[in-house]
Amino acid sequence: MFSKQEAQQLKKEFWTAFGKSFPRKWLLYNTKIKDMAFKFSADHKKAEVSLDIEMKDEIFRNAYYEKIWSLEDILKDFIGDFQKEEHYTLENGKIISKIWVEKHNISIFNKNTWQEIFEFFVDKMDGFERFYYEYEDFIKDI
């Protein structure tokens with residue numbers, strides 16, 4: 001087990017190594033839709049690439065979720081199987097809509113799995129971005 005400081009240092013090393021291994025400007029928060037962003041995350045059990053729709057206004061959040069959900073089969077062509085939840089509860093209690101892919105049996109704390117995580121991140125985020133750019137006008141038309 002790692003101390004809190006050691007864990008923070010490993011996380012910092014992980015994200016730095018990812019950035020150096022794949023120096024690319026990702027779409028992430030630059031969707032031009034307020035409170036809708038693509039995200040990378042990794043912990044001691046899994047890695048995840050997600051589209052988080054975090055609008056406070058449930059009507060708008062649901063409208064964007066439904067737009068993307070209407071393209072389900074197309075999105076699957078870009079990223080493979082994925083999970084979705086219209087009312088996903090974050091650790092802080094906030095309700096968002098979320099679409100994500102995850103990879104299990106890897107760990108941010110095991111450097112031997114870092115390359116596998118990096119490749120997963122690149123593959124899935126690239127798919128999410130290509131999907132978004134292809135259907136951006138349709139998604140934004142709320």
# chains A, B, ... in the order shown; residues from 1 in each chain; ligands from 1
call {"tool": "residues_around", "arguments": {"residues": "Tyr65 of chain A", "least_positions_apart": "5", "cutoff": "12 Å", "atoms": "only C-alpha atoms", "output": "PDB file with all heavy atoms, in the first residue's frame"}}
result
ATOM      1  N   MET A  36     -20.499  20.096 -20.599  1.00  0.00           N
ATOM      2  CA  MET A  36     -20.415  18.803 -21.268  1.00  0.00           C
ATOM      3  C   MET A  36     -18.952  18.601 -21.656  1.00  0.00           C
ATOM      4  O   MET A  36     -18.372  19.430 -22.347  1.00  0.00           O
ATOM      5  CB  MET A  36     -21.297  18.751 -22.514  1.00  0.00           C
ATOM      6  CG  MET A  36     -21.344  17.360 -23.109  1.00  0.00           C
ATOM      7  SD  MET A  36     -22.710  17.150 -24.270  1.00  0.00           S
ATOM      8  CE  MET A  36     -21.818  17.254 -25.795  1.00  0.00           C
ATOM      9  N   LEU A  51     -17.978  10.595 -21.438  1.00  0.00           N
ATOM     10  CA  LEU A  51     -18.620  11.849 -21.812  1.00  0.00           C
ATOM     11  C   LEU A  51     -19.557  12.156 -20.661  1.00  0.00           C
ATOM     12  O   LEU A  51     -20.492  11.403 -20.386  1.00  0.00           O
ATOM     13  CB  LEU A  51     -19.401  11.705 -23.121  1.00  0.00           C
ATOM     14  CG  LEU A  51     -20.288  12.900 -23.492  1.00  0.00           C
ATOM     15  CD1 LEU A  51     -19.473  14.192 -23.607  1.00  0.00           C
ATOM     16  CD2 LEU A  51     -21.039  12.620 -24.786  1.00  0.00           C
ATOM     17  N   ASP A  52     -19.265  13.252 -19.958  1.00  0.00           N
ATOM     18  CA  ASP A  52     -20.064  13.657 -18.806  1.00  0.00           C
ATOM     19  C   ASP A  52     -20.910  14.867 -19.188  1.00  0.00           C
ATOM     20  O   ASP A  52     -20.380  15.883 -19.646  1.00  0.00           O
ATOM     21  CB  ASP A  52     -19.171  14.014 -17.617  1.00  0.00           C
ATOM     22  CG  ASP A  52     -18.440  12.808 -17.056  1.00  0.00           C
ATOM     23  OD1 ASP A  52     -18.565  11.709 -17.622  1.00  0.00           O
ATOM     24  OD2 ASP A  52     -17.736  12.976 -16.042  1.00  0.00           O
ATOM     25  N   ILE A  53     -22.202  14.750 -18.996  1.00  0.00           N
ATOM     26  CA  ILE A  53     -23.140  15.837 -19.271  1.00  0.00           C
ATOM     27  C   ILE A  53     -23.616  16.319 -17.907  1.00  0.00           C
ATOM     28  O   ILE A  53     -24.383  15.647 -17.228  1.00  0.00           O
ATOM     29  CB  ILE A  53     -24.311  15.350 -20.145  1.00  0.00           C
ATOM     30  CG1 ILE A  53     -23.778  14.672 -21.409  1.00  0.00           C
ATOM     31  CG2 ILE A  53     -25.237  16.507 -20.487  1.00  0.00           C
ATOM     32  CD1 ILE A  53     -24.819  13.911 -22.202  1.00  0.00           C
ATOM     33  N   GLU A  54     -23.116  17.477 -17.489  1.00  0.00           N
ATOM     34  CA  GLU A  54     -23.265  17.917 -16.106  1.00  0.00           C
ATOM     35  C   GLU A  54     -24.152  19.142 -15.902  1.00  0.00           C
ATOM     36  O   GLU A  54     -24.063  19.801 -14.868  1.00  0.00           O
ATOM     37  CB  GLU A  54     -21.876  18.210 -15.528  1.00  0.00           C
ATOM     38  CG  GLU A  54     -20.954  17.015 -15.582  1.00  0.00           C
ATOM     39  CD  GLU A  54     -19.627  17.263 -14.895  1.00  0.00           C
ATOM     40  OE1 GLU A  54     -19.607  17.881 -13.812  1.00  0.00           O
ATOM     41  OE2 GLU A  54     -18.600  16.840 -15.450  1.00  0.00           O
ATOM     42  N   MET A  55     -25.014  19.459 -16.854  1.00  0.00           N
ATOM     43  CA  MET A  55     -25.863  20.631 -16.701  1.00  0.00           C
ATOM     44  C   MET A  55     -26.744  20.503 -15.458  1.00  0.00           C
ATOM     45  O   MET A  55     -27.279  19.438 -15.189  1.00  0.00           O
ATOM     46  CB  MET A  55     -26.777  20.802 -17.918  1.00  0.00           C
ATOM     47  CG  MET A  55     -26.082  21.238 -19.171  1.00  0.00           C
ATOM     48  SD  MET A  55     -26.139  19.864 -20.316  1.00  0.00           S
ATOM     49  CE  MET A  55     -25.062  20.455 -21.583  1.00  0.00           C
ATOM     50  N   GLU A  58     -32.022  19.931 -15.532  1.00  0.00           N
ATOM     51  CA  GLU A  58     -32.284  18.550 -15.929  1.00  0.00           C
ATOM     52  C   GLU A  58     -32.872  18.447 -17.330  1.00  0.00           C
ATOM     53  O   GLU A  58     -32.587  17.496 -18.067  1.00  0.00           O
ATOM     54  CB  GLU A  58     -33.221  17.877 -14.920  1.00  0.00           C
ATOM     55  CG  GLU A  58     -33.398  16.411 -15.174  1.00  0.00           C
ATOM     56  CD  GLU A  58     -34.232  15.713 -14.117  1.00  0.00           C
ATOM     57  OE1 GLU A  58     -34.590  16.333 -13.105  1.00  0.00           O
ATOM     58  OE2 GLU A  58     -34.527  14.521 -14.337  1.00  0.00           O
ATOM     59  N   ILE A  59     -33.653  19.422 -17.740  1.00  0.00           N
ATOM     60  CA  ILE A  59     -34.263  19.393 -19.072  1.00  0.00           C
ATOM     61  C   ILE A  59     -33.182  19.438 -20.155  1.00  0.00           C
ATOM     62  O   ILE A  59     -33.197  18.658 -21.101  1.00  0.00           O
ATOM     63  CB  ILE A  59     -35.281  20.543 -19.240  1.00  0.00           C
ATOM     64  CG1 ILE A  59     -36.479  20.288 -18.308  1.00  0.00           C
ATOM     65  CG2 ILE A  59     -35.733  20.672 -20.691  1.00  0.00           C
ATOM     66  CD1 ILE A  59     -37.431  21.441 -18.176  1.00  0.00           C
ATOM     67  N   PHE A  60     -32.212  20.362 -20.002  1.00  0.00           N
ATOM     68  CA  PHE A  60     -31.122  20.444 -20.979  1.00  0.00           C
ATOM     69  C   PHE A  60     -30.236  19.205 -20.916  1.00  0.00           C
ATOM     70  O   PHE A  60     -29.836  18.659 -21.945  1.00  0.00           O
ATOM     71  CB  PHE A  60     -30.267  21.707 -20.757  1.00  0.00           C
ATOM     72  CG  PHE A  60     -30.864  22.928 -21.377  1.00  0.00           C
ATOM     73  CD1 PHE A  60     -31.436  23.909 -20.584  1.00  0.00           C
ATOM     74  CD2 PHE A  60     -30.853  23.103 -22.756  1.00  0.00           C
ATOM     75  CE1 PHE A  60     -31.988  25.043 -21.156  1.00  0.00           C
ATOM     76  CE2 PHE A  60     -31.403  24.231 -23.333  1.00  0.00           C
ATOM     77  CZ  PHE A  60     -31.980  25.205 -22.536  1.00  0.00           C
ATOM     78  N   SER A  70     -29.719   8.823 -29.179  1.00  0.00           N
ATOM     79  CA  SER A  70     -30.369   8.531 -30.466  1.00  0.00           C
ATOM     80  C   SER A  70     -29.357   8.041 -31.503  1.00  0.00           C
ATOM     81  O   SER A  70     -29.729   7.447 -32.507  1.00  0.00           O
ATOM     82  CB  SER A  70     -31.126   9.760 -30.991  1.00  0.00           C
ATOM     83  OG  SER A  70     -30.230  10.736 -31.484  1.00  0.00           O
ATOM     84  N   LEU A  71     -28.074   8.286 -31.235  1.00  0.00           N
ATOM     85  CA  LEU A  71     -26.988   7.854 -32.127  1.00  0.00           C
ATOM     86  C   LEU A  71     -26.256   6.627 -31.570  1.00  0.00           C
ATOM     87  O   LEU A  71     -25.106   6.368 -31.921  1.00  0.00           O
ATOM     88  CB  LEU A  71     -26.001   9.009 -32.324  1.00  0.00           C
ATOM     89  CG  LEU A  71     -26.568  10.304 -32.909  1.00  0.00           C
ATOM     90  CD1 LEU A  71     -25.566  11.431 -32.778  1.00  0.00           C
ATOM     91  CD2 LEU A  71     -27.006  10.101 -34.341  1.00  0.00           C
ATOM     92  N   GLU A  72     -26.915   5.875 -30.717  1.00  0.00           N
ATOM     93  CA  GLU A  72     -26.292   4.761 -29.996  1.00  0.00           C
ATOM     94  C   GLU A  72     -25.516   3.813 -30.908  1.00  0.00           C
ATOM     95  O   GLU A  72     -24.352   3.494 -30.649  1.00  0.00           O
ATOM     96  CB  GLU A  72     -27.356   3.974 -29.236  1.00  0.00           C
ATOM     97  CG  GLU A  72     -26.819   2.696 -28.627  1.00  0.00           C
ATOM     98  CD  GLU A  72     -27.913   1.778 -28.091  1.00  0.00           C
ATOM     99  OE1 GLU A  72     -29.096   1.977 -28.410  1.00  0.00           O
ATOM    100  OE2 GLU A  72     -27.552   0.865 -27.337  1.00  0.00           O
ATOM    101  N   LYS A  84     -24.008   3.446 -20.158  1.00  0.00           N
ATOM    102  CA  LYS A  84     -24.661   4.752 -20.115  1.00  0.00           C
ATOM    103  C   LYS A  84     -25.564   4.801 -18.894  1.00  0.00           C
ATOM    104  O   LYS A  84     -26.059   3.779 -18.428  1.00  0.00           O
ATOM    105  CB  LYS A  84     -25.471   4.987 -21.387  1.00  0.00           C
ATOM    106  CG  LYS A  84     -26.627   4.022 -21.518  1.00  0.00           C
ATOM    107  CD  LYS A  84     -27.368   4.194 -22.793  1.00  0.00           C
ATOM    108  CE  LYS A  84     -28.559   3.288 -22.942  1.00  0.00           C
ATOM    109  NZ  LYS A  84     -28.727   2.151 -22.124  1.00  0.00           N
ATOM    110  N   GLU A  85     -25.715   5.986 -18.384  1.00  0.00           N
ATOM    111  CA  GLU A  85     -26.643   6.172 -17.275  1.00  0.00           C
ATOM    112  C   GLU A  85     -27.150   7.603 -17.329  1.00  0.00           C
ATOM    113  O   GLU A  85     -26.377   8.556 -17.274  1.00  0.00           O
ATOM    114  CB  GLU A  85     -25.960   5.888 -15.935  1.00  0.00           C
ATOM    115  CG  GLU A  85     -26.957   5.699 -14.823  1.00  0.00           C
ATOM    116  CD  GLU A  85     -26.351   5.098 -13.569  1.00  0.00           C
ATOM    117  OE1 GLU A  85     -25.439   4.252 -13.674  1.00  0.00           O
ATOM    118  OE2 GLU A  85     -26.806   5.502 -12.489  1.00  0.00           O
ATOM    119  N   GLU A  86     -28.461   7.727 -17.461  1.00  0.00           N
ATOM    120  CA  GLU A  86     -29.074   9.054 -17.570  1.00  0.00           C
ATOM    121  C   GLU A  86     -29.008   9.815 -16.254  1.00  0.00           C
ATOM    122  O   GLU A  86     -28.871  11.030 -16.245  1.00  0.00           O
ATOM    123  CB  GLU A  86     -30.523   8.915 -18.029  1.00  0.00           C
ATOM    124  CG  GLU A  86     -31.173  10.239 -18.339  1.00  0.00           C
ATOM    125  CD  GLU A  86     -32.546  10.088 -18.970  1.00  0.00           C
ATOM    126  OE1 GLU A  86     -33.018   8.950 -19.155  1.00  0.00           O
ATOM    127  OE2 GLU A  86     -33.143  11.126 -19.275  1.00  0.00           O
ATOM    128  N   HIS A  87     -29.087   9.092 -15.141  1.00  0.00           N
ATOM    129  CA  HIS A  87     -29.055   9.727 -13.815  1.00  0.00           C
ATOM    130  C   HIS A  87     -27.933   9.096 -12.995  1.00  0.00           C
ATOM    131  O   HIS A  87     -28.175   8.315 -12.084  1.00  0.00           O
ATOM    132  CB  HIS A  87     -30.404   9.573 -13.111  1.00  0.00           C
ATOM    133  CG  HIS A  87     -31.538  10.142 -13.902  1.00  0.00           C
ATOM    134  ND1 HIS A  87     -31.761  11.493 -14.016  1.00  0.00           N
ATOM    135  CD2 HIS A  87     -32.496   9.531 -14.645  1.00  0.00           C
ATOM    136  CE1 HIS A  87     -32.815  11.701 -14.790  1.00  0.00           C
ATOM    137  NE2 HIS A  87     -33.281  10.517 -15.185  1.00  0.00           N
ATOM    138  N   TYR A  88     -26.717   9.468 -13.323  1.00  0.00           N
ATOM    139  CA  TYR A  88     -25.519   8.932 -12.670  1.00  0.00           C
ATOM    140  C   TYR A  88     -25.179   9.832 -11.476  1.00  0.00           C
ATOM    141  O   TYR A  88     -25.117  11.055 -11.616  1.00  0.00           O
ATOM    142  CB  TYR A  88     -24.366   8.920 -13.673  1.00  0.00           C
ATOM    143  CG  TYR A  88     -23.095   8.301 -13.160  1.00  0.00           C
ATOM    144  CD1 TYR A  88     -22.845   6.953 -13.352  1.00  0.00           C
ATOM    145  CD2 TYR A  88     -22.135   9.066 -12.505  1.00  0.00           C
ATOM    146  CE1 TYR A  88     -21.668   6.372 -12.900  1.00  0.00           C
ATOM    147  CE2 TYR A  88     -20.962   8.493 -12.046  1.00  0.00           C
ATOM    148  CZ  TYR A  88     -20.731   7.154 -12.253  1.00  0.00           C
ATOM    149  OH  TYR A  88     -19.574   6.583 -11.807  1.00  0.00           O
ATOM    150  N   ILE A  96     -25.525  13.574 -12.839  1.00  0.00           N
ATOM    151  CA  ILE A  96     -25.151  13.912 -14.208  1.00  0.00           C
ATOM    152  C   ILE A  96     -25.664  12.806 -15.116  1.00  0.00           C
ATOM    153  O   ILE A  96     -26.162  11.786 -14.646  1.00  0.00           O
ATOM    154  CB  ILE A  96     -23.613  14.064 -14.361  1.00  0.00           C
ATOM    155  CG1 ILE A  96     -22.904  12.711 -14.206  1.00  0.00           C
ATOM    156  CG2 ILE A  96     -23.066  15.108 -13.390  1.00  0.00           C
ATOM    157  CD1 ILE A  96     -21.435  12.722 -14.604  1.00  0.00           C
ATOM    158  N   SER A  97     -25.519  13.012 -16.423  1.00  0.00           N
ATOM    159  CA  SER A  97     -25.725  11.932 -17.381  1.00  0.00           C
ATOM    160  C   SER A  97     -24.341  11.551 -17.875  1.00  0.00           C
ATOM    161  O   SER A  97     -23.480  12.415 -18.058  1.00  0.00           O
ATOM    162  CB  SER A  97     -26.609  12.396 -18.539  1.00  0.00           C
ATOM    163  OG  SER A  97     -27.905  12.666 -18.079  1.00  0.00           O
ATOM    164  N   LYS A  98     -24.121  10.269 -18.083  1.00  0.00           N
ATOM    165  CA  LYS A  98     -22.776   9.803 -18.378  1.00  0.00           C
ATOM    166  C   LYS A  98     -22.816   8.651 -19.368  1.00  0.00           C
ATOM    167  O   LYS A  98     -23.653   7.756 -19.258  1.00  0.00           O
ATOM    168  CB  LYS A  98     -22.110   9.370 -17.069  1.00  0.00           C
ATOM    169  CG  LYS A  98     -20.695   8.898 -17.188  1.00  0.00           C
ATOM    170  CD  LYS A  98     -20.115   8.658 -15.798  1.00  0.00           C
ATOM    171  CE  LYS A  98     -18.691   8.224 -15.889  1.00  0.00           C
ATOM    172  NZ  LYS A  98     -17.884   8.712 -14.813  1.00  0.00           N
ATOM    173  N   ILE A  99     -21.879   8.700 -20.311  1.00  0.00           N
ATOM    174  CA  ILE A  99     -21.668   7.620 -21.263  1.00  0.00           C
ATOM    175  C   ILE A  99     -20.188   7.284 -21.158  1.00  0.00           C
ATOM    176  O   ILE A  99     -19.349   8.181 -21.242  1.00  0.00           O
ATOM    177  CB  ILE A  99     -22.045   8.054 -22.686  1.00  0.00           C
ATOM    178  CG1 ILE A  99     -23.538   8.400 -22.730  1.00  0.00           C
ATOM    179  CG2 ILE A  99     -21.688   6.976 -23.697  1.00  0.00           C
ATOM    180  CD1 ILE A  99     -23.989   9.120 -23.978  1.00  0.00           C
ATOM    181  N   ILE A 139     -25.780  17.249 -32.420  1.00  0.00           N
ATOM    182  CA  ILE A 139     -25.797  17.209 -30.957  1.00  0.00           C
ATOM    183  C   ILE A 139     -26.076  18.597 -30.379  1.00  0.00           C
ATOM    184  O   ILE A 139     -26.859  18.747 -29.444  1.00  0.00           O
ATOM    185  CB  ILE A 139     -24.468  16.641 -30.402  1.00  0.00           C
ATOM    186  CG1 ILE A 139     -24.330  15.166 -30.792  1.00  0.00           C
ATOM    187  CG2 ILE A 139     -24.382  16.826 -28.887  1.00  0.00           C
ATOM    188  CD1 ILE A 139     -22.940  14.585 -30.575  1.00  0.00           C
ATOM    189  N   LYS A 140     -25.462  19.623 -30.946  1.00  0.00           N
ATOM    190  CA  LYS A 140     -25.612  20.994 -30.428  1.00  0.00           C
ATOM    191  C   LYS A 140     -26.997  21.585 -30.693  1.00  0.00           C
ATOM    192  O   LYS A 140     -27.381  22.539 -30.025  1.00  0.00           O
ATOM    193  CB  LYS A 140     -24.561  21.912 -31.058  1.00  0.00           C
ATOM    194  CG  LYS A 140     -23.184  21.695 -30.516  1.00  0.00           C
ATOM    195  CD  LYS A 140     -22.231  22.671 -31.207  1.00  0.00           C
ATOM    196  CE  LYS A 140     -20.870  22.644 -30.608  1.00  0.00           C
ATOM    197  NZ  LYS A 140     -19.972  23.572 -31.286  1.00  0.00           N
ATOM    198  N   ILE A 142     -30.086  21.963 -29.905  1.00  0.00           N
ATOM    199  CA  ILE A 142     -31.089  21.739 -28.846  1.00  0.00           C
ATOM    200  C   ILE A 142     -32.031  22.935 -28.791  1.00  0.00           C
ATOM    201  O   ILE A 142     -31.629  24.049 -28.840  1.00  0.00           O
ATOM    202  CB  ILE A 142     -30.414  21.545 -27.478  1.00  0.00           C
ATOM    203  CG1 ILE A 142     -29.532  20.303 -27.463  1.00  0.00           C
ATOM    204  CG2 ILE A 142     -31.429  21.512 -26.342  1.00  0.00           C
ATOM    205  CD1 ILE A 142     -30.237  18.972 -27.498  1.00  0.00           C
TER     206      ILE A 142
END
call {"tool": "residues_around", "arguments": {"residues": "Asp77 of chain A", "least_positions_apart": "5", "cutoff": "12 Å", "atoms": "only C-alpha atoms", "output": "short mmCIF file (atom, residue, chain, number, x, y, z; two decimals) with N, CA and C atoms, in the first residue's frame"}}
result
data_model
loop_
_atom_site.label_atom_id
_atom_site.label_comp_id
_atom_site.auth_asym_id
_atom_site.auth_seq_id
_atom_site.Cartn_x
_atom_site.Cartn_y
_atom_site.Cartn_z
N LEU A 71 -28.07 8.29 -31.24
CA LEU A 71 -26.99 7.85 -32.13
C LEU A 71 -26.26 6.63 -31.57
N GLU A 72 -26.91 5.87 -30.72
CA GLU A 72 -26.29 4.76 -30.00
C GLU A 72 -25.52 3.81 -30.91
N PHE A 82 -20.32 0.22 -24.73
CA PHE A 82 -20.18 1.26 -23.72
C PHE A 82 -21.32 1.14 -22.71
N LYS A 124 -10.01 4.89 -27.19
CA LYS A 124 -11.40 5.23 -26.88
C LYS A 124 -11.68 6.73 -26.99
N GLY A 127 -11.98 7.67 -30.58
CA GLY A 127 -13.30 7.28 -31.08
C GLY A 127 -14.38 8.25 -30.65
N PHE A 128 -14.37 8.64 -29.37
CA PHE A 128 -15.34 9.62 -28.87
C PHE A 128 -15.21 10.93 -29.65
N ARG A 130 -13.88 11.53 -32.69
CA ARG A 130 -14.31 11.40 -34.09
C ARG A 130 -15.83 11.37 -34.18
N PHE A 131 -16.48 10.66 -33.28
CA PHE A 131 -17.95 10.64 -33.22
C PHE A 131 -18.49 12.05 -32.99
#
call {"tool": "closest_residue", "arguments": {"among": "A:Leu10, A:Phe109, A:Leu75, A:Glu102", "to": "Glu134 of chain A", "atoms": "only C-alpha atoms"}}
result
A:Leu75
call {"tool": "residues_around", "arguments": {"residues": "Ala17 of chain A", "least_positions_apart": "6", "cutoff": "10 Å", "atoms": "only C-alpha atoms", "output": "list in words"}}
result
Lys11, Pro23, Trp114, Gln115 and Phe118 of chain A
call {"tool": "write_last_selection", "arguments": {"atoms": "all heavy atoms", "output": "compact mmCIF listing (two decimals), in the first residue's frame"}}
result
# COMPACT_ATOMS: atom_id res chain seq x y z
N LYS A 11 0.43 9.18 -9.19
CA LYS A 11 -0.60 9.73 -10.07
C LYS A 11 -0.02 10.82 -10.95
O LYS A 11 -0.29 10.88 -12.16
CB LYS A 11 -1.79 10.27 -9.27
CG LYS A 11 -2.65 9.19 -8.65
CD LYS A 11 -3.76 9.79 -7.83
CE LYS A 11 -4.57 8.74 -7.12
NZ LYS A 11 -5.64 9.32 -6.30
N PRO A 23 1.55 13.10 -26.94
CA PRO A 23 1.41 14.56 -26.90
C PRO A 23 0.39 15.03 -27.94
O PRO A 23 0.69 15.13 -29.12
CB PRO A 23 2.81 15.06 -27.22
CG PRO A 23 3.42 13.97 -28.03
CD PRO A 23 2.81 12.69 -27.54
N TRP A 114 0.63 0.71 -17.22
CA TRP A 114 0.47 2.06 -17.75
C TRP A 114 0.32 2.09 -19.27
O TRP A 114 -0.57 2.77 -19.79
CB TRP A 114 1.62 2.96 -17.31
CG TRP A 114 1.53 3.41 -15.89
CD1 TRP A 114 0.68 2.98 -14.92
CD2 TRP A 114 2.35 4.39 -15.26
NE1 TRP A 114 0.91 3.61 -13.74
CE2 TRP A 114 1.94 4.50 -13.92
CE3 TRP A 114 3.41 5.18 -15.71
CZ2 TRP A 114 2.54 5.37 -13.02
CZ3 TRP A 114 3.99 6.06 -14.81
CH2 TRP A 114 3.56 6.16 -13.47
N GLN A 115 1.15 1.37 -19.98
CA GLN A 115 1.08 1.40 -21.45
C GLN A 115 -0.28 0.89 -21.92
O GLN A 115 -0.87 1.45 -22.84
CB GLN A 115 2.21 0.58 -22.07
CG GLN A 115 2.32 0.74 -23.57
CD GLN A 115 2.63 2.17 -24.01
OE1 GLN A 115 3.35 2.91 -23.35
NE2 GLN A 115 2.05 2.57 -25.13
N PHE A 118 -2.68 3.71 -21.33
CA PHE A 118 -2.47 4.78 -22.31
C PHE A 118 -3.09 4.41 -23.66
O PHE A 118 -3.77 5.23 -24.28
CB PHE A 118 -0.97 5.05 -22.51
CG PHE A 118 -0.24 5.56 -21.30
CD1 PHE A 118 1.15 5.55 -21.29
CD2 PHE A 118 -0.90 6.05 -20.19
CE1 PHE A 118 1.86 6.03 -20.19
CE2 PHE A 118 -0.20 6.52 -19.08
CZ PHE A 118 1.18 6.51 -19.08
call {"tool": "select_by_dssp", "arguments": {"residues": "chain A", "states": "alpha helix (DSSP H)", "output": "number ranges by chain"}}
result
A: 4-21, 58-69, 72-79, 114-140
call {"tool": "residues_around", "arguments": {"residues": "Phe38 of chain A", "least_positions_apart": "6", "cutoff": "8 Å", "atoms": "only C-alpha atoms", "output": "list in words"}}
result
Leu27, Leu28, Tyr29, Val49, Ser50, Leu51, Asp52 and Met125 of chain A
call {"tool": "write_last_selection", "arguments": {"atoms": "C-alpha atoms", "output": "PDB file, in the first residue's frame"}}
result
ATOM      1  CA  LEU A  27     -11.138  17.823 -27.094  1.00  0.00           C
ATOM      2  CA  LEU A  28     -12.027  17.282 -23.396  1.00  0.00           C
ATOM      3  CA  TYR A  29     -13.738  20.482 -22.128  1.00  0.00           C
ATOM      4  CA  VAL A  49     -13.009   7.368 -20.800  1.00  0.00           C
ATOM      5  CA  SER A  50     -16.314   9.175 -20.522  1.00  0.00           C
ATOM      6  CA  LEU A  51     -18.620  11.849 -21.812  1.00  0.00           C
ATOM      7  CA  ASP A  52     -20.064  13.657 -18.806  1.00  0.00           C
ATOM      8  CA  MET A 125     -10.969   9.015 -26.645  1.00  0.00           C
TER       9      MET A 125
END
call {"tool": "select_by_dssp", "arguments": {"residues": "chain A", "states": "strand (DSSP E)", "output": "ChimeraX atom specification"}}
result
/A:36-42,46-53,83-89,95-104
call {"tool": "residues_around", "arguments": {"residues": "segment 5-7 of chain A", "least_positions_apart": "3", "cutoff": "12 Å", "atoms": "only C-alpha atoms", "output": "JSON list (two decimals) with N, CA and C atoms, in the first residue's frame"}}
result
[["chain", "number", "residue", "atom", "x", "y", "z"],
["A", 1, "MET", "N", 0.84, -1.18, 0.00],
["A", 1, "MET", "CA", 0.00, 0.00, 0.00],
["A", 1, "MET", "C", 0.89, 1.24, 0.00],
["A", 2, "PHE", "N", 0.39, 2.28, -0.58],
["A", 2, "PHE", "CA", 1.14, 3.52, -0.69],
["A", 2, "PHE", "C", 0.64, 4.55, 0.32],
["A", 10, "LEU", "N", 2.75, 9.06, -7.61],
["A", 10, "LEU", "CA", 2.55, 8.10, -8.69],
["A", 10, "LEU", "C", 1.50, 8.59, -9.69],
["A", 11, "LYS", "N", 0.43, 9.18, -9.19],
["A", 11, "LYS", "CA", -0.60, 9.73, -10.07],
["A", 11, "LYS", "C", -0.02, 10.82, -10.95],
["A", 12, "LYS", "N", 0.78, 11.69, -10.34],
["A", 12, "LYS", "CA", 1.41, 12.76, -11.10],
["A", 12, "LYS", "C", 2.33, 12.19, -12.18],
["A", 13, "GLU", "N", 3.12, 11.19, -11.83],
["A", 13, "GLU", "CA", 4.00, 10.53, -12.79],
["A", 13, "GLU", "C", 3.19, 9.88, -13.92],
["A", 14, "PHE", "N", 2.08, 9.26, -13.56],
["A", 14, "PHE", "CA", 1.23, 8.61, -14.55],
["A", 14, "PHE", "C", 0.74, 9.61, -15.59],
["A", 43, "ASP", "N", -7.83, 4.63, -11.72],
["A", 43, "ASP", "CA", -7.61, 4.42, -10.30],
["A", 43, "ASP", "C", -6.91, 3.08, -10.10],
["A", 44, "HIS", "N", -7.05, 2.51, -8.94],
["A", 44, "HIS", "CA", -6.35, 1.27, -8.62],
["A", 44, "HIS", "C", -6.99, 0.01, -9.21],
["A", 107, "SER", "N", -4.10, -0.82, -13.15],
["A", 107, "SER", "CA", -4.01, 0.09, -12.01],
["A", 107, "SER", "C", -3.05, 1.23, -12.30],
["A", 108, "ILE", "N", -3.47, 2.41, -11.92],
["A", 108, "ILE", "CA", -2.61, 3.59, -12.02],
["A", 108, "ILE", "C", -1.38, 3.42, -11.13],
["A", 109, "PHE", "N", -1.47, 2.54, -10.13],
["A", 109, "PHE", "CA", -0.37, 2.31, -9.19],
["A", 109, "PHE", "C", 0.55, 1.17, -9.61],
["A", 110, "ASN", "N", 0.28, 0.58, -10.78],
["A", 110, "ASN", "CA", 1.14, -0.49, -11.31],
["A", 110, "ASN", "C", 1.71, -0.02, -12.64]]
call {"tool": "closest_residue", "arguments": {"among": "A:Asp126, A:Asp73, A:Asp57, A:Asp81", "to": "Phe40 of chain A", "atoms": "only C-alpha atoms"}}
result
A:Asp126
call {"tool": "residues_around", "arguments": {"residues": "Ile106 of chain A", "least_positions_apart": "2", "cutoff": "7 Å", "atoms": "only C-alpha atoms", "output": "compact mmCIF listing (two decimals) with all heavy atoms, in the first residue's frame"}}
result
# COMPACT_ATOMS: atom_id res chain seq x y z
N LYS A 45 -8.16 0.15 -9.84
CA LYS A 45 -8.87 -1.00 -10.38
C LYS A 45 -9.17 -0.92 -11.87
O LYS A 45 -9.31 -1.94 -12.53
CB LYS A 45 -10.21 -1.18 -9.66
CG LYS A 45 -10.09 -1.60 -8.22
CD LYS A 45 -11.47 -1.79 -7.64
CE LYS A 45 -11.39 -2.19 -6.17
NZ LYS A 45 -12.72 -2.34 -5.58
N LYS A 46 -9.33 0.30 -12.39
CA LYS A 46 -9.79 0.43 -13.77
C LYS A 46 -9.41 1.78 -14.36
O LYS A 46 -9.00 2.70 -13.66
CB LYS A 46 -11.30 0.26 -13.85
CG LYS A 46 -12.09 1.37 -13.20
CD LYS A 46 -13.58 1.11 -13.32
CE LYS A 46 -14.40 2.22 -12.94
NZ LYS A 46 -14.90 2.78 -11.92
N HIS A 104 -10.88 -2.94 -17.06
CA HIS A 104 -10.62 -3.44 -15.70
C HIS A 104 -9.29 -4.18 -15.63
O HIS A 104 -8.66 -4.46 -16.64
CB HIS A 104 -11.76 -4.36 -15.26
CG HIS A 104 -13.04 -3.64 -15.06
ND1 HIS A 104 -13.38 -3.06 -13.87
CD2 HIS A 104 -14.05 -3.36 -15.92
CE1 HIS A 104 -14.55 -2.47 -14.00
NE2 HIS A 104 -14.98 -2.62 -15.23
N THR A 113 1.13 -1.67 -16.04
CA THR A 113 -0.13 -1.56 -16.79
C THR A 113 -0.31 -0.19 -17.44
O THR A 113 -1.30 0.03 -18.14
CB THR A 113 -1.36 -1.85 -15.89
OG1 THR A 113 -1.48 -0.84 -14.90
CG2 THR A 113 -1.27 -3.22 -15.25
call {"tool": "atom_distance", "arguments": {"atom1": "atom CA of Gly80 of chain A", "atom2": "atom CA of Ile95 of chain A"}}
result
25.1 Å
call {"tool": "atom_distance", "arguments": {"atom1": "atom CA of Ala47 of chain A", "atom2": "atom CA of Tyr64 of chain A"}}
result
24.5 Å
